[in-house]
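To be precise, the following lines are model.txt, and they hold compact mmCIF, C-alpha atoms.
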# COMPACT_ATOMS: atom_id res chain seq x y z
CA MET W 215 -17.94 172.27 211.83
CA HIS W 216 -20.71 174.32 210.21
CA ASN W 217 -23.53 172.22 208.72
CA THR W 218 -22.80 173.42 205.18
CA ASP W 219 -19.16 172.39 205.59
CA LEU W 220 -20.27 169.08 207.06
CA ASP W 221 -22.59 168.50 204.10
CA VAL W 222 -19.74 169.08 201.66
CA GLU W 223 -17.42 166.76 203.58
CA ILE W 224 -20.03 164.00 203.86
CA LYS W 225 -20.78 164.30 200.14
CA GLN W 226 -17.12 163.92 199.21
CA LEU W 227 -16.53 160.93 201.46
CA TYR W 228 -19.78 159.33 200.26
CA ARG W 229 -18.65 159.76 196.66
CA ASP W 230 -15.32 158.20 197.61
CA GLY W 231 -17.26 155.09 198.66
CA ARG W 232 -16.74 155.41 202.40
CA SER W 233 -19.21 153.71 204.72
CA VAL W 234 -21.51 155.59 207.09
CA SER W 235 -19.34 154.59 210.05
CA GLU W 236 -16.15 155.64 208.27
CA ILE W 237 -17.66 159.01 207.36
CA ALA W 238 -18.91 159.63 210.90
CA GLU W 239 -15.54 158.68 212.38
CA ALA W 240 -13.55 160.79 209.91
CA LEU W 241 -15.72 163.86 210.50
CA LYS W 242 -16.27 163.34 214.22
CA CYS W 243 -20.04 163.43 213.80
CA SER W 244 -22.80 160.95 214.57
CA ARG W 245 -23.89 158.22 212.21
CA SER W 246 -27.41 159.65 212.43
CA GLN W 247 -26.12 162.92 210.90
CA VAL W 248 -24.68 160.92 208.00
CA PHE W 249 -27.94 158.97 207.61
CA GLU W 250 -29.92 162.23 207.62
CA TRP W 251 -27.65 163.63 204.92
CA MET W 252 -28.14 160.48 202.84
CA ALA W 253 -31.92 160.59 203.26
CA THR W 254 -32.08 164.12 201.89
CA ASN W 255 -29.26 164.10 199.35
CA VAL W 256 -29.03 160.67 197.73
CA PRO W 257 -30.95 161.11 194.49
CA CYS W 258 -32.69 157.78 194.18
CA PRO W 259 -34.78 155.51 196.41
CA PHE W 260 -32.95 152.93 198.48
CA ASP W 261 -34.28 150.01 196.43
CA GLU W 262 -32.61 151.51 193.35
CA TRP W 263 -29.17 151.76 195.00
CA PRO W 264 -26.47 149.32 193.87
CA SER W 265 -26.59 146.17 195.99
CA GLU W 266 -23.17 146.91 197.51
CA ALA W 267 -24.37 150.31 198.72
CA GLN W 268 -27.54 148.77 200.17
CA ALA W 269 -25.47 146.15 201.99
CA ARG W 270 -23.08 148.78 203.41
CA LEU W 271 -25.95 150.90 204.71
CA LEU W 272 -27.79 147.94 206.23
CA ALA W 273 -24.58 146.72 207.90
CA ALA W 274 -23.96 150.18 209.33
CA VAL W 275 -27.50 150.42 210.70
CA ARG W 276 -27.10 147.02 212.31
CA GLY W 277 -23.74 148.09 213.77
CA GLN W 278 -21.66 145.58 211.84
Represent the supplied structure as structure tokens.
Amino acid sequence: MHNTDLDVEIKQLYRDGRSVSEIAEALKCSRSQVFEWMATNVPCPFDEWPSEAQARLLAAVRGQ
């Protein structure tokens, strides 16, 4: 999958509320690719994210 296509797919799944692990599994890419996308495309700092989104990301990083 071309990176631009991957970006579009990650964005849609992220908007749908899917977790990092779910996105990576659905798109057959690494979680690190999803994290990189989030780091460059999520418009606000992590501490301003909704608490549920923070919890999902932290759980994914910890492998839960």
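We find atom CA of W:Leu241 and atom CA of W:Pro264 to be spaced 24.6 Å apart.
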Smallest atom-to-atom distance to W:Ser244: which of W:Leu220, W:Ser265, W:Arg270, W:Leu227, using only C-alpha atoms?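 So, comparing all the options, the nearest one is W:Leu220.
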Measure the distance from atom CA of W:Asp261 to atom CA of W:Asn217 in Å and round it to one decimal.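 Straight-line distance from atom CA of W:Asp261 to atom CA of W:Asn217 works out to 27.6 Å.
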Looking at W:Ala274, W:Trp263, W:Met252, W:Asp219, which one is nearest to W:Ser233, with distances taken over all atoms listed in the file?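 Residue with the minimum atom-to-atom distance to W:Ser233: W:Ala274.
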Atom CA of W:Val234 and atom CA of W:Phe249 are how many Å apart?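 These atoms are spaced 7.3 Å apart.
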Quick one: everything within 12 Å of W:Arg276, counting all atoms listed in the file, minus sequence neighbours fewer than 3 positions away in the same chain. Send it as a short mmCIF file (atom, residue, chain, number, x, y, z; two decimals) with C-alpha atoms, keeping the file's coordinate frame.
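The result, written out as part_0.cif:
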data_model
loop_
_atom_site.label_atom_id
_atom_site.label_comp_id
_atom_site.auth_asym_id
_atom_site.auth_seq_id
_atom_site.Cartn_x
_atom_site.Cartn_y
_atom_site.Cartn_z
CA VAL W 234 -21.51 155.59 207.09
CA SER W 235 -19.34 154.59 210.05
CA ARG W 245 -23.89 158.22 212.21
CA ALA W 269 -25.47 146.15 201.99
CA ARG W 270 -23.08 148.78 203.41
CA LEU W 271 -25.95 150.90 204.71
CA LEU W 272 -27.79 147.94 206.23
CA ALA W 273 -24.58 146.72 207.90
#
Between W:Asp230, W:Val248, W:Cys258, W:Ala240, which is the closest to W:Val275 once you count only C-alpha atoms?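 Of the candidates, the smallest distance to W:Val275 is held by W:Val248.
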For W:Ala267, which residue among W:Arg232, W:Thr254, W:Glu239, W:Asp221 is the nearest when counting all atoms listed in the file? W:Arg232
Name the closest residue to W:Cys243 among the candidates W:Glu223, W:Gly277, W:Gly231, W:Gln268; distances are taken between atoms, counting all atoms listed in the file.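 Distance minimum relative to W:Cys243 lands on W:Glu223.
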